[in-house]
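For reference, input-v8.txt is printed below; it contains compact mmCIF, C-alpha atoms and all ligand atoms.
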# COMPACT_ATOMS: atom_id res chain seq x y z
CA MET B 23 8.35 18.82 4.45
CA LYS B 24 6.10 18.47 1.45
CA VAL B 25 5.41 15.24 -0.37
CA ARG B 26 4.35 15.42 -4.02
CA PHE B 27 2.93 12.39 -5.73
CA TRP B 28 3.86 12.38 -9.42
CA GLY B 29 2.94 8.77 -10.09
CA THR B 30 0.86 6.47 -7.89
CA ARG B 31 -0.15 3.54 -10.11
CA GLY B 32 1.34 0.08 -9.67
CA SER B 33 2.88 -2.22 -12.27
CA LEU B 34 1.69 -0.54 -15.46
CA ALA B 35 0.79 3.00 -16.44
CA VAL B 36 -2.88 3.43 -17.33
CA ALA B 37 -4.99 6.16 -18.89
CA GLN B 38 -8.64 7.12 -18.76
CA LYS B 39 -10.77 5.97 -21.67
CA ALA B 40 -13.45 8.00 -23.42
CA ALA B 41 -16.16 5.88 -21.81
CA SER B 42 -14.98 6.58 -18.26
CA ILE B 43 -14.77 10.33 -18.89
CA GLY B 44 -18.28 10.09 -20.35
CA ASP B 45 -19.47 8.38 -17.17
CA LYS B 46 -17.97 11.15 -15.04
CA ILE B 47 -19.61 13.89 -17.09
CA ALA B 48 -22.96 12.12 -17.03
CA ALA B 49 -22.73 11.70 -13.23
CA ALA B 50 -21.80 15.38 -12.85
CA LEU B 51 -24.78 16.50 -14.95
CA VAL B 52 -27.12 14.36 -12.87
CA ALA B 53 -25.62 15.82 -9.67
CA ALA B 54 -26.17 19.36 -10.99
CA ARG B 55 -29.95 18.66 -11.18
CA GLY B 56 -30.60 21.21 -13.89
CA ARG B 57 -28.65 24.00 -12.23
CA THR B 58 -27.15 26.59 -14.53
CA PHE B 59 -23.73 28.18 -14.13
CA ALA B 60 -22.76 31.67 -15.22
CA ASP B 61 -19.29 30.62 -16.33
CA VAL B 62 -16.69 27.87 -16.20
CA ALA B 63 -15.32 29.13 -12.87
CA GLU B 64 -18.73 28.80 -11.23
CA ALA B 65 -19.25 25.35 -12.72
CA ARG B 66 -15.82 24.30 -11.51
CA ALA B 67 -16.52 25.57 -7.99
CA PHE B 68 -19.70 23.49 -7.94
CA ALA B 69 -17.88 20.42 -9.25
CA GLU B 70 -15.07 20.76 -6.74
CA SER B 71 -17.32 21.13 -3.74
CA GLU B 72 -20.28 18.91 -4.64
CA LEU B 73 -18.90 15.98 -6.62
CA ASP B 74 -16.98 13.09 -5.16
CA PHE B 75 -13.33 12.71 -6.13
CA ALA B 76 -13.89 9.81 -8.52
CA THR B 77 -16.41 11.90 -10.47
CA PHE B 78 -14.63 15.25 -10.36
CA GLY B 79 -11.06 14.00 -10.56
CA THR B 80 -8.97 10.93 -11.15
CA TYR B 81 -6.31 9.06 -9.23
CA GLY B 82 -4.21 9.20 -12.37
CA GLY B 83 -2.28 6.49 -14.11
CA ALA B 84 1.45 7.28 -13.97
CA THR B 85 3.67 4.74 -12.21
CA SER B 86 5.62 5.27 -8.99
CA CYS B 87 7.34 8.61 -8.53
CA VAL B 88 7.17 10.57 -5.28
CA GLU B 89 9.02 13.77 -4.47
CA VAL B 90 9.95 14.65 -0.90
CA GLU B 91 10.63 18.36 -0.54
CA ALA B 92 12.77 19.17 2.47
CA GLY B 93 14.78 22.31 3.01
CA GLY B 94 14.77 25.15 0.50
CA GLU B 95 15.75 26.03 -3.05
CA GLY B 96 19.41 25.56 -2.25
CA ASP B 97 18.84 21.95 -1.26
CA ALA B 98 18.75 18.98 -3.57
CA PHE B 99 15.57 17.44 -4.96
CA ILE B 100 14.63 14.13 -3.36
CA VAL B 101 12.77 11.67 -5.57
CA CYS B 102 11.57 8.16 -4.79
CA ASP B 103 11.49 5.92 -7.85
CA LEU B 104 11.70 6.67 -11.54
CA GLY B 105 8.32 5.46 -12.77
CA SER B 106 6.44 7.18 -15.58
CA GLY B 107 5.42 9.99 -13.20
CA LEU B 108 9.05 11.11 -13.38
CA ARG B 109 8.55 12.75 -16.79
CA GLU B 110 6.24 15.38 -15.35
CA PHE B 111 8.38 15.84 -12.26
CA GLY B 112 11.39 16.47 -14.52
CA LEU B 113 9.60 19.21 -16.45
CA ASP B 114 8.37 20.83 -13.25
CA ALA B 115 11.84 20.61 -11.69
CA MET B 116 13.41 22.27 -14.74
CA GLY B 117 11.01 25.17 -14.20
CA ARG B 118 12.01 25.41 -10.55
CA CYS B 119 15.69 25.27 -11.51
CA ALA B 120 15.12 28.14 -13.93
CA ARG B 121 13.82 30.08 -10.92
CA GLY B 122 16.93 29.27 -8.89
CA HIS B 123 16.55 25.78 -7.43
CA ALA B 124 19.73 23.74 -7.06
CA ARG B 125 20.25 21.34 -9.99
CA VAL B 126 20.95 18.36 -7.77
CA TYR B 127 18.71 15.30 -7.70
CA HIS B 128 18.91 12.59 -5.07
CA VAL B 129 16.99 9.58 -6.34
CA PHE B 130 16.03 6.65 -4.09
CA LEU B 131 15.06 3.44 -5.84
CA SER B 132 12.76 0.96 -4.12
CA HIS B 133 13.85 -1.63 -6.68
CA LEU B 134 14.53 -2.04 -10.36
CA HIS B 135 11.28 -3.37 -11.77
CA TRP B 136 10.24 -1.70 -14.96
CA ASP B 137 7.35 0.34 -13.50
CA HIS B 138 9.87 1.98 -11.13
CA ILE B 139 12.52 2.92 -13.71
CA CYS B 140 10.63 3.41 -17.00
CA GLY B 141 10.43 7.19 -16.58
CA PHE B 142 14.20 7.67 -16.55
CA PRO B 143 14.74 7.88 -20.33
CA PHE B 144 12.14 10.69 -20.34
CA PHE B 145 13.65 12.62 -17.43
CA VAL B 146 14.64 15.93 -19.01
CA PRO B 147 17.16 17.00 -16.30
CA VAL B 148 19.53 14.19 -17.42
CA PHE B 149 20.11 16.27 -20.56
CA ASP B 150 21.13 19.29 -18.46
CA PRO B 151 24.96 19.37 -18.33
CA ALA B 152 24.76 21.42 -15.13
CA ALA B 153 22.65 18.82 -13.34
CA GLU B 154 23.91 16.27 -10.87
CA VAL B 155 21.86 13.09 -10.42
CA VAL B 156 22.78 10.67 -7.63
CA ILE B 157 20.88 7.41 -7.79
CA HIS B 158 20.73 5.71 -4.40
CA SER B 159 19.63 2.12 -4.15
CA GLY B 160 19.90 -0.94 -1.99
CA HIS B 161 20.62 -2.83 -5.21
CA PRO B 162 24.22 -2.92 -6.45
CA ASP B 163 22.86 -3.64 -9.95
CA ALA B 164 20.87 -0.39 -10.25
CA GLU B 165 23.26 0.99 -12.87
CA THR B 166 22.96 -2.18 -14.94
CA ALA B 167 19.16 -1.89 -14.90
CA LEU B 168 19.16 1.76 -16.01
CA ARG B 169 21.81 1.25 -18.69
CA ARG B 170 20.06 -1.84 -20.01
CA GLN B 171 16.74 -0.09 -20.60
CA GLN B 172 18.56 2.44 -22.82
CA GLU B 173 20.32 -0.14 -24.95
CA GLU B 174 19.53 0.29 -28.63
CA ILE B 175 17.09 -2.60 -28.72
CA SER B 176 14.89 -0.80 -26.18
CA PHE B 177 15.46 2.93 -26.59
CA PRO B 178 17.03 5.26 -29.18
CA VAL B 179 19.06 7.35 -26.72
CA ALA B 180 21.97 5.51 -25.09
CA PHE B 181 22.72 6.04 -21.43
CA ASP B 182 26.18 7.38 -22.28
CA TRP B 183 24.66 10.21 -24.30
CA LEU B 184 23.04 11.69 -21.20
CA ARG B 185 24.66 15.01 -20.30
CA ALA B 186 24.11 15.28 -16.55
CA ASN B 187 26.66 14.07 -14.04
CA ILE B 188 24.99 10.77 -13.08
CA SER B 189 26.35 8.58 -10.30
CA PHE B 190 25.20 5.49 -8.45
CA ARG B 191 25.47 4.80 -4.76
CA THR B 192 24.54 1.59 -2.99
CA LEU B 193 23.15 2.13 0.50
CA GLU B 194 23.09 -0.35 3.34
CA VAL B 195 20.38 -1.27 5.78
CA GLY B 196 21.07 -0.16 9.34
CA THR B 197 23.02 2.99 8.44
CA ARG B 198 21.70 6.55 8.78
CA TYR B 199 22.80 8.67 5.85
CA PRO B 200 22.69 12.48 5.94
CA ILE B 201 21.74 13.35 2.34
CA GLY B 202 20.66 16.85 1.33
CA ALA B 203 18.29 18.27 3.93
CA VAL B 204 17.31 14.86 5.37
CA THR B 205 18.62 11.78 7.10
CA VAL B 206 17.85 8.59 5.17
CA GLU B 207 17.41 5.06 6.48
CA MET B 208 16.54 1.94 4.54
CA ILE B 209 14.69 -1.31 5.27
CA GLU B 210 14.78 -4.52 3.21
CA GLN B 211 11.40 -5.69 1.91
CA HIS B 212 10.05 -8.95 0.56
CA HIS B 213 9.68 -8.68 -3.24
CA SER B 214 11.04 -10.40 -6.32
CA HIS B 215 14.79 -9.47 -6.50
CA LEU B 216 14.17 -7.62 -3.17
CA SER B 217 12.95 -4.09 -2.63
CA TYR B 218 13.81 -1.41 -0.09
CA GLY B 219 11.76 1.07 1.89
CA TYR B 220 13.15 4.48 2.83
CA LYS B 221 12.62 6.80 5.77
CA PHE B 222 13.39 10.50 5.36
CA THR B 223 13.72 12.60 8.52
CA ASP B 224 14.19 16.36 8.35
CA ALA B 225 15.95 18.71 10.77
CA ALA B 226 12.68 19.36 12.62
CA GLY B 227 12.26 15.61 13.23
CA LYS B 228 9.38 15.14 10.78
CA SER B 229 9.55 11.85 8.96
CA VAL B 230 8.17 10.26 5.82
CA VAL B 231 8.39 6.57 4.92
CA TYR B 232 8.21 5.32 1.34
CA SER B 233 7.46 1.59 1.38
CA THR B 234 6.26 0.20 -1.91
CA ASP B 235 6.35 -3.20 -3.58
CA SER B 236 6.57 -4.87 -0.20
CA GLU B 237 4.79 -8.11 0.57
CA HIS B 238 4.13 -8.87 4.20
CA LYS B 239 4.17 -12.66 4.10
CA ILE B 240 1.46 -14.58 5.90
CA ASP B 241 3.94 -17.23 7.06
CA LYS B 242 6.41 -14.62 8.35
CA MET B 243 4.17 -12.28 10.32
CA ASP B 244 6.90 -11.92 12.97
CA ALA B 245 8.94 -10.02 10.37
CA GLU B 246 6.38 -7.21 10.65
CA THR B 247 7.93 -6.10 13.95
CA ALA B 248 10.80 -4.56 11.96
CA PHE B 249 8.32 -2.56 9.87
CA VAL B 250 6.43 -1.38 12.94
CA GLY B 251 9.76 -0.12 14.28
CA PHE B 252 10.66 1.53 10.96
CA PHE B 253 7.23 3.23 10.67
CA GLY B 254 7.33 4.20 14.38
CA GLY B 255 5.71 7.58 15.02
CA CYS B 256 6.11 8.63 11.37
CA ASP B 257 4.21 11.65 10.09
CA LEU B 258 3.43 10.02 6.76
CA VAL B 259 3.81 6.41 5.66
CA ILE B 260 3.37 5.64 1.96
CA CYS B 261 2.48 1.97 1.54
CA ASP B 262 1.92 -0.53 -1.22
CA THR B 263 -1.79 -1.34 -0.90
CA MET B 264 -2.32 -2.89 -4.31
CA TYR B 265 -4.50 -5.86 -3.36
CA SER B 266 -7.27 -6.76 -0.96
CA LEU B 267 -6.08 -8.83 1.99
CA ALA B 268 -7.94 -11.86 0.62
CA ASP B 269 -6.25 -11.57 -2.79
CA SER B 270 -2.84 -11.09 -1.16
CA ILE B 271 -3.09 -14.44 0.64
CA SER B 272 -4.86 -16.41 -2.08
CA MET B 273 -4.57 -15.95 -5.83
CA LYS B 274 -1.95 -13.18 -5.60
CA GLU B 275 0.19 -14.62 -2.82
CA ASP B 276 3.90 -14.25 -3.66
CA TRP B 277 3.17 -11.53 -6.23
CA GLY B 278 5.13 -9.17 -3.99
CA HIS B 279 2.45 -6.75 -2.85
CA SER B 280 0.39 -5.93 0.18
CA SER B 281 -3.05 -4.71 1.23
CA ASN B 282 -4.77 -1.68 2.73
CA VAL B 283 -5.72 -3.74 5.78
CA VAL B 284 -2.14 -4.80 6.60
CA ALA B 285 -0.83 -1.27 5.98
CA ILE B 286 -3.39 0.14 8.44
CA ASP B 287 -2.51 -2.50 11.04
CA LEU B 288 1.21 -1.75 10.74
CA CYS B 289 0.62 2.01 10.98
CA HIS B 290 -1.69 1.56 13.96
CA GLU B 291 0.89 -0.53 15.75
CA ALA B 292 3.61 1.97 14.85
CA GLU B 293 1.40 4.88 15.95
CA ALA B 294 2.10 6.59 12.66
CA LYS B 295 0.07 9.73 11.99
CA ARG B 296 -0.89 9.39 8.35
CA LEU B 297 -0.96 6.64 5.77
CA ALA B 298 -1.05 7.14 2.02
CA LEU B 299 -2.45 4.20 0.04
CA PHE B 300 -0.17 3.73 -2.95
CA HIS B 301 0.86 1.56 -5.95
CA HIS B 302 -2.72 1.22 -7.12
CA GLU B 303 -3.85 -1.81 -9.06
CA PRO B 304 -3.95 -0.85 -12.77
CA THR B 305 -7.30 -2.56 -13.37
CA TYR B 306 -8.99 -0.41 -10.70
CA SER B 307 -11.21 2.41 -11.91
CA ASP B 308 -11.44 5.71 -10.06
CA ALA B 309 -14.67 4.47 -8.49
CA ASP B 310 -12.91 1.26 -7.35
CA LEU B 311 -10.07 3.25 -5.78
CA GLN B 312 -12.45 5.66 -4.09
CA ARG B 313 -14.37 2.70 -2.64
CA MET B 314 -11.11 1.12 -1.46
CA HIS B 315 -10.20 4.44 0.18
CA GLN B 316 -13.56 4.69 1.97
CA GLU B 317 -13.31 1.09 3.11
CA SER B 318 -9.80 1.73 4.41
CA ILE B 319 -11.01 4.71 6.44
CA ARG B 320 -13.77 2.55 7.87
CA TYR B 321 -11.41 -0.32 8.72
CA GLU B 322 -9.13 2.16 10.50
CA GLU B 323 -12.09 3.31 12.62
CA LEU B 324 -13.18 -0.23 13.43
CA THR B 325 -9.74 -1.36 14.57
CA ARG B 326 -8.48 1.86 16.18
CA GLU B 327 -7.18 1.50 19.72
CA THR B 328 -5.26 4.71 20.29
CA ALA B 329 -4.87 7.94 18.30
CA PRO B 330 -6.56 8.08 14.91
CA LEU B 331 -4.57 7.33 11.79
CA GLU B 332 -5.49 9.56 8.87
CA VAL B 333 -5.81 7.47 5.71
CA LEU B 334 -5.15 9.24 2.41
CA CYS B 335 -5.40 7.71 -1.02
CA ALA B 336 -2.49 8.94 -3.10
CA TYR B 337 -3.26 10.29 -6.56
CA ASP B 338 -1.12 11.82 -9.27
CA GLY B 339 -0.82 15.49 -8.29
CA LEU B 340 -1.53 15.09 -4.58
CA VAL B 341 0.64 17.30 -2.37
CA VAL B 342 0.81 16.53 1.35
CA ASP B 343 2.21 18.96 3.89
CA VAL B 344 4.10 17.08 6.56
CA MET W 1 -2.70 -1.53 21.39
CA GLY W 2 -3.56 -2.90 24.81
CA THR W 3 -3.45 -6.56 25.60
CA SER W 4 -6.78 -8.24 25.40
CA ILE W 5 -7.90 -11.63 26.58
CA LEU W 6 -9.53 -14.10 24.30
CA VAL W 7 -12.13 -16.36 25.81
CA TRP W 8 -13.16 -19.50 23.97
CA SER W 9 -16.09 -21.78 24.30
CA VAL W 10 -16.40 -25.02 22.38
CA VAL W 11 -19.40 -27.14 21.56
CA SER W 12 -19.43 -30.22 19.39
CA HIS W 13 -22.44 -30.78 17.20
CA ASP W 14 -23.39 -34.41 16.97
CA GLY W 15 -20.77 -35.69 14.70
CA ALA W 16 -21.16 -32.85 12.20
CA ALA W 17 -18.83 -30.07 13.30
CA ARG W 18 -16.84 -28.61 16.12
CA VAL W 19 -18.15 -25.14 16.92
CA VAL W 20 -15.77 -22.71 18.55
CA LYS W 21 -16.65 -19.28 19.84
CA PRO W 22 -13.75 -16.97 20.58
CA ALA W 23 -14.65 -13.71 22.34
CA GLY W 24 -12.67 -10.47 22.47
CA LYS W 25 -10.47 -8.65 20.00
CA ILE W 26 -8.01 -10.41 17.79
CA ASP W 27 -5.09 -8.19 16.93
CA GLU W 28 -1.30 -8.47 17.16
CA SER W 29 -1.54 -8.90 20.94
CA THR W 30 -3.83 -11.93 20.77
CA ALA W 31 -3.22 -13.34 17.30
CA THR W 32 -0.61 -15.87 18.42
CA PRO W 33 -2.74 -17.53 21.14
CA PHE W 34 -5.71 -17.31 18.75
CA GLY W 35 -3.77 -19.20 16.06
CA GLU W 36 -2.48 -21.78 18.52
CA ARG W 37 -5.90 -22.42 19.96
CA LEU W 38 -7.45 -22.63 16.50
CA ALA W 39 -4.81 -25.21 15.56
CA GLU W 40 -5.71 -27.27 18.65
CA GLU W 41 -9.39 -27.13 17.77
CA ILE W 42 -8.63 -28.31 14.25
CA GLU W 43 -6.60 -31.22 15.66
CA ALA W 44 -9.46 -32.05 18.02
CA ALA W 45 -11.98 -32.00 15.17
CA ALA W 46 -9.73 -34.23 13.07
CA THR W 47 -9.27 -36.64 15.98
CA ASP W 48 -13.05 -36.82 16.43
CA GLY W 49 -13.46 -37.49 12.72
CA LEU W 50 -15.30 -34.21 12.13
CA ALA W 51 -15.05 -32.58 8.72
CA LYS W 52 -15.74 -29.03 9.85
CA VAL W 53 -14.77 -26.38 12.37
CA VAL W 54 -17.31 -23.59 12.68
CA VAL W 55 -15.90 -20.34 14.04
CA ASP W 56 -18.71 -18.36 15.64
CA LEU W 57 -17.80 -14.68 15.20
CA SER W 58 -20.66 -13.17 17.19
CA HIS W 59 -18.49 -12.28 20.19
CA ILE W 60 -15.44 -10.89 18.39
CA GLU W 61 -14.97 -7.19 19.13
CA TYR W 62 -12.85 -6.84 16.02
CA MET W 63 -10.31 -8.84 14.09
CA SER W 64 -7.27 -7.22 12.51
CA SER W 65 -5.32 -8.69 9.59
CA ARG W 66 -3.40 -10.77 12.12
CA GLY W 67 -6.56 -12.61 13.10
CA LEU W 68 -7.82 -12.88 9.54
CA ARG W 69 -4.51 -14.29 8.38
CA GLY W 70 -4.61 -16.60 11.41
CA LEU W 71 -7.86 -17.99 9.98
CA THR W 72 -6.13 -18.59 6.66
CA LEU W 73 -3.19 -20.37 8.32
CA GLY W 74 -5.77 -22.39 10.26
CA GLN W 75 -7.54 -23.25 7.00
CA ARG W 76 -4.26 -24.40 5.46
CA LYS W 77 -3.56 -26.61 8.44
CA ALA W 78 -7.15 -27.87 8.48
CA SER W 79 -6.95 -28.84 4.79
CA GLU W 80 -4.12 -31.26 5.62
CA HIS W 81 -6.60 -33.04 7.91
CA LYS W 82 -9.44 -32.73 5.38
CA VAL W 83 -11.20 -30.38 7.76
CA ALA W 84 -12.92 -27.20 6.54
CA ILE W 85 -13.15 -23.96 8.50
CA VAL W 86 -16.34 -21.98 8.04
CA LEU W 87 -17.43 -18.73 9.69
CA ALA W 88 -20.77 -18.16 11.39
CA GLN W 89 -22.93 -15.30 12.63
CA PRO W 90 -20.51 -12.43 12.28
CA ASN W 91 -21.67 -9.38 14.23
CA GLU W 92 -21.99 -6.07 12.37
CA ILE W 93 -18.34 -5.12 12.88
CA MET W 94 -17.07 -8.51 11.76
CA ARG W 95 -19.40 -8.46 8.77
CA GLU W 96 -17.84 -5.16 7.71
CA ILE W 97 -14.29 -6.38 8.29
CA LEU W 98 -14.93 -9.54 6.27
CA ALA W 99 -16.29 -7.42 3.43
CA ILE W 100 -13.48 -4.81 3.48
CA SER W 101 -10.77 -7.47 3.53
CA ARG W 102 -12.73 -9.53 0.94
CA TYR W 103 -12.44 -12.45 3.35
CA ASP W 104 -16.10 -13.12 2.62
CA LYS W 105 -14.81 -14.26 -0.79
CA VAL W 106 -12.27 -16.77 0.57
CA PHE W 107 -14.29 -18.19 3.48
CA LYS W 108 -17.84 -19.46 3.61
CA VAL W 109 -19.80 -17.18 5.92
CA PHE W 110 -23.17 -18.30 7.37
CA ASP W 111 -25.75 -16.15 9.16
CA SER W 112 -26.21 -18.68 11.94
CA VAL W 113 -24.28 -21.49 13.59
CA ALA W 114 -27.06 -23.94 12.68
CA GLU W 115 -26.72 -23.07 8.99
CA ALA W 116 -22.94 -23.31 9.24
CA VAL W 117 -23.16 -26.78 10.80
CA ALA W 118 -25.68 -27.94 8.22
CA GLY W 119 -24.22 -26.09 5.20
ZN ZN B 401 5.81 -1.77 -8.71
ZN ZN B 402 8.04 -4.59 -8.19
Any chance you could put this one into structure tokens?
Amino acid sequence: MKVRFWGTRGSLAVAQKAASIGDKIAAALVAARGRTFADVAEARAFAESELDFATFGTYGGATSCVEVEAGGEGDAFIVCDLGSGLREFGLDAMGRCARGHARVYHVFLSHLHWDHICGFPFFVPVFDPAAEVVIHSGHPDAETALRRQQEEISFPVAFDWLRANISFRTLEVGTRYPIGAVTVEMIEQHHSHLSYGYKFTDAAGKSVVYSTDSEHKIDKMDAETAFVGFFGGCDLVICDTMYSLADSISMKEDWGHSSNVVAIDLCHEAEAKRLALFHHEPTYSDADLQRMHQESIRYEELTRETAPLEVLCAYDGLVVDV
Amino acid sequence: MGTSILVWSVVSHDGAARVVKPAGKIDESTATPFGERLAEEIEAAATDGLAKVVVDLSHIEYMSSRGLRGLTLGQRKASEHKVAIVLAQPNEIMREILAISRYDKVFKVFDSVAEAVAG
């Protein structure tokens, strides 16, 4: 399997400002220490190998959208959430369809908050009459949410004008669904109006969990046993790590999100292999996120009892081979 | 993760604070007894009319989020009794964990037990 992150930011899409790009360029020039480069390719090679990620790159600012590629061209696309990252996924998918990929999209919605559905009106495949889009959700009101955001007061193109064959399917916790090239299971999560996590397992037994907008409540720590079971032995677990642990139990308690520290603990207990930090706080700069990533790696080392857990920090454009 | 045993020692400081020193690792296997024992210590401090419980962190191997959140639950319980929980002499590992979790922003952390008792 391959996992492609099209949008990794939480709550609100963000963009880089001129000043932060300026800071990156200034830091890169200092790091070059007067070196000269024959051409752009040589300069790029230097930047890629010598600069840290926050200087050379960016975590990006599109909201939740993660593609799970399982099977081949003949199999359906699998997409978790319809955040603003969906726009770019849609364009890329159209290109792949032009090269022969099946025009079937299986969407899995964590929940219906705006940052997880706002990309849908910009999803080009819904204008493809040959496309089939199945929107799976734990929420029976998923269709209402998607139709409502395309009402005239909010958007110029009505839902009924979309050309693809769009259907909605409500899934239930505790059932294993064979869908496309994977088997899908769902877990209920604590979040305003509820949210659901998904586990995708392919024919080879590799598994990926997508668990965002999930608060692990301080007064219900026993409920974490279910998540440890759900994450059990997974090859990649994508977790909501929006806040620090301290914020998640103080000022931002009941805001519906979790921390890097709790995600690492759950993955350790579950003996998962890799964790991707996800649903990044919109006020965090690239430097903040890079620091959070380094701290997460360090916390994993300090609290490790058995096999190491690899901690990745998801960014828009990251592709992980599972 | 393997089971680990928590060992506690308790010293009262002349009417100022109850000082508790848990030793071992506090993770999901020990968090429940840790929380229960902390609650007992808070009760004991309240009964003795003490306004503070000092948790000496020098002998903690590490503390996962379970232990950290146990401290917060302890603090919530302690507040009902008008007792404060403060942290003292974290070892290097605990100092790092308090910084990474930002718990050093929600608890008072003192370099020594004496400062914690006085502070
Ligand atoms: Zn969200
Ligand atoms: Zn949400």
Fill in: All residues having an atom within 7 Å of ligand ZN 401 (chain B) (all atoms listed in the file) as a PyMOL selection string
chain B and resi 32-33+135+137-138+235+301
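Picture a line from atom CA of B:His213 to atom CA of B:Glu237; it runs 6.2 Å.
Non-sequential neighbours of stretch 83-89 of chain W (distance at most 7 Å, separation of 5 or more positions within a chain, all atoms listed in the file) are Ala46, Ala51, Lys52, Val53, Val54, Val55, Asp56, Leu57, Ser58, Gln75, Ala78, Phe107, Lys108, Val109, Phe110, Asp111, Ser112, Val113 and Ala116 of chain W.
The shell of residues at most 12 Å from stretch 40-47 of chain B, with all atoms listed in the file counted and near chain neighbours (fewer than 5 positions) removed, consists of Val52, Ala53, Ala54, Ala69, Leu73, Asp74, Phe75, Ala76, Thr77, Phe78, Gly79, Thr80, Tyr306, Ser307, Asp308 and Ala309 of chain B.
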Practice prompt. For W:Gly74, please output as a count of residues only all residues within 8 Å (counting all atoms listed in the file; exclusion window: fewer than 5 positions along the same chain).
Written response: 5
Worksheet entry | Contact set, chain W to chain B: 10 Å, all atoms listed in the file, as a ChimeraX atom specification | /W:1-2,25-28,61-66,68-70,72-73,93-94,96-107
Residue selection dump (C-alpha atoms) as a short mmCIF file (atom, residue, chain, number, x, y, z; two decimals), in the coordinates of the input:
data_model
loop_
_atom_site.label_atom_id
_atom_site.label_comp_id
_atom_site.auth_asym_id
_atom_site.auth_seq_id
_atom_site.Cartn_x
_atom_site.Cartn_y
_atom_site.Cartn_z
CA MET W 1 -2.70 -1.53 21.39
CA GLY W 2 -3.56 -2.90 24.81
CA LYS W 25 -10.47 -8.65 20.00
CA ILE W 26 -8.01 -10.41 17.79
CA ASP W 27 -5.09 -8.19 16.93
CA GLU W 28 -1.30 -8.47 17.16
CA GLU W 61 -14.97 -7.19 19.13
CA TYR W 62 -12.85 -6.84 16.02
CA MET W 63 -10.31 -8.84 14.09
CA SER W 64 -7.27 -7.22 12.51
CA SER W 65 -5.32 -8.69 9.59
CA ARG W 66 -3.40 -10.77 12.12
CA LEU W 68 -7.82 -12.88 9.54
CA ARG W 69 -4.51 -14.29 8.38
CA GLY W 70 -4.61 -16.60 11.41
CA THR W 72 -6.13 -18.59 6.66
CA LEU W 73 -3.19 -20.37 8.32
CA ILE W 93 -18.34 -5.12 12.88
CA MET W 94 -17.07 -8.51 11.76
CA GLU W 96 -17.84 -5.16 7.71
CA ILE W 97 -14.29 -6.38 8.29
CA LEU W 98 -14.93 -9.54 6.27
CA ALA W 99 -16.29 -7.42 3.43
CA ILE W 100 -13.48 -4.81 3.48
CA SER W 101 -10.77 -7.47 3.53
CA ARG W 102 -12.73 -9.53 0.94
CA TYR W 103 -12.44 -12.45 3.35
CA ASP W 104 -16.10 -13.12 2.62
CA LYS W 105 -14.81 -14.26 -0.79
CA VAL W 106 -12.27 -16.77 0.57
CA PHE W 107 -14.29 -18.19 3.48
#
Fill in: Selection: 7 Å around W:Val117, all atoms listed in the file, excl. self and same-chain fewer than 2 positions, as an NGL selection string
:W and (16-17 or 54 or 113-115 or 119)
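Taking atom CA of B:Ile260 and atom CA of B:Tyr232 as the two end points, the separation is 4.9 Å.
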May I have a table of the residues of chain B lying at most 12 Å from ligand ZN 402 (chain B), giving each one's closest pair of atoms and their distance in Å to one decimal, counting all atoms listed in the file, ordered by chain and ascending residue number, as a tab-separated table?
residue	atom	partner	partner_atom	distance
B:Arg31	CA	B:ZN402	ZN	11.7
B:Gly32	CA	B:ZN402	ZN	8.3
B:Ser33	CA	B:ZN402	ZN	7.0
B:Leu34	CA	B:ZN402	ZN	10.5
B:Thr85	CA	B:ZN402	ZN	11.1
B:Ser86	CA	B:ZN402	ZN	10.2
B:Asp103	CA	B:ZN402	ZN	11.1
B:Gly105	CA	B:ZN402	ZN	11.0
B:Leu131	CA	B:ZN402	ZN	10.9
B:Ser132	CA	B:ZN402	ZN	8.3
B:His133	CA	B:ZN402	ZN	6.7
B:Leu134	CA	B:ZN402	ZN	7.3
B:His135	CA	B:ZN402	ZN	5.0
B:Trp136	CA	B:ZN402	ZN	7.7
B:Asp137	CA	B:ZN402	ZN	7.3
B:His138	CA	B:ZN402	ZN	7.4
B:Ile139	CA	B:ZN402	ZN	10.3
B:Gln211	CA	B:ZN402	ZN	10.7
B:His212	CA	B:ZN402	ZN	10.0
B:His213	CA	B:ZN402	ZN	6.6
B:Ser214	CA	B:ZN402	ZN	6.8
B:His215	CA	B:ZN402	ZN	8.5
B:Leu216	CA	B:ZN402	ZN	8.5
B:Ser217	CA	B:ZN402	ZN	7.4
B:Tyr218	CA	B:ZN402	ZN	10.4
B:Ser233	CA	B:ZN402	ZN	11.4
B:Thr234	CA	B:ZN402	ZN	8.1
B:Asp235	CA	B:ZN402	ZN	5.1
B:Ser236	CA	B:ZN402	ZN	8.1
B:Glu237	CA	B:ZN402	ZN	10.0
B:Asp262	CA	B:ZN402	ZN	10.1
B:Met264	CA	B:ZN402	ZN	11.2
B:Asp276	CA	B:ZN402	ZN	11.4
B:Trp277	CA	B:ZN402	ZN	8.7
B:Gly278	CA	B:ZN402	ZN	6.9
B:His279	CA	B:ZN402	ZN	8.0
B:Ser280	CA	B:ZN402	ZN	11.4
B:His301	CA	B:ZN402	ZN	9.7
Worksheet item: So how far away is atom CA of B:Thr263 from atom CA of W:Glu36, in Å?
Response: 28.2 Å
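Closest approach to B:Arg191 among B:Val204, B:Ile209, B:Ala164, B:Val333 is made by B:Ala164 (distances from all atoms listed in the file).
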Worksheet item: Residues at most 9 Å from B:Val36, counting all atoms listed in the file, excluding those fewer than 5 positions away in the same chain, as JSON, numbers by chain?
Response: {"B": [31, 82, 83, 84, 85, 304, 305]}
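Counting only C-alpha atoms, the residue from W:Thr30, W:Glu41, W:Lys77, W:Gly49 that sits nearest to W:Ser9 is W:Glu41.
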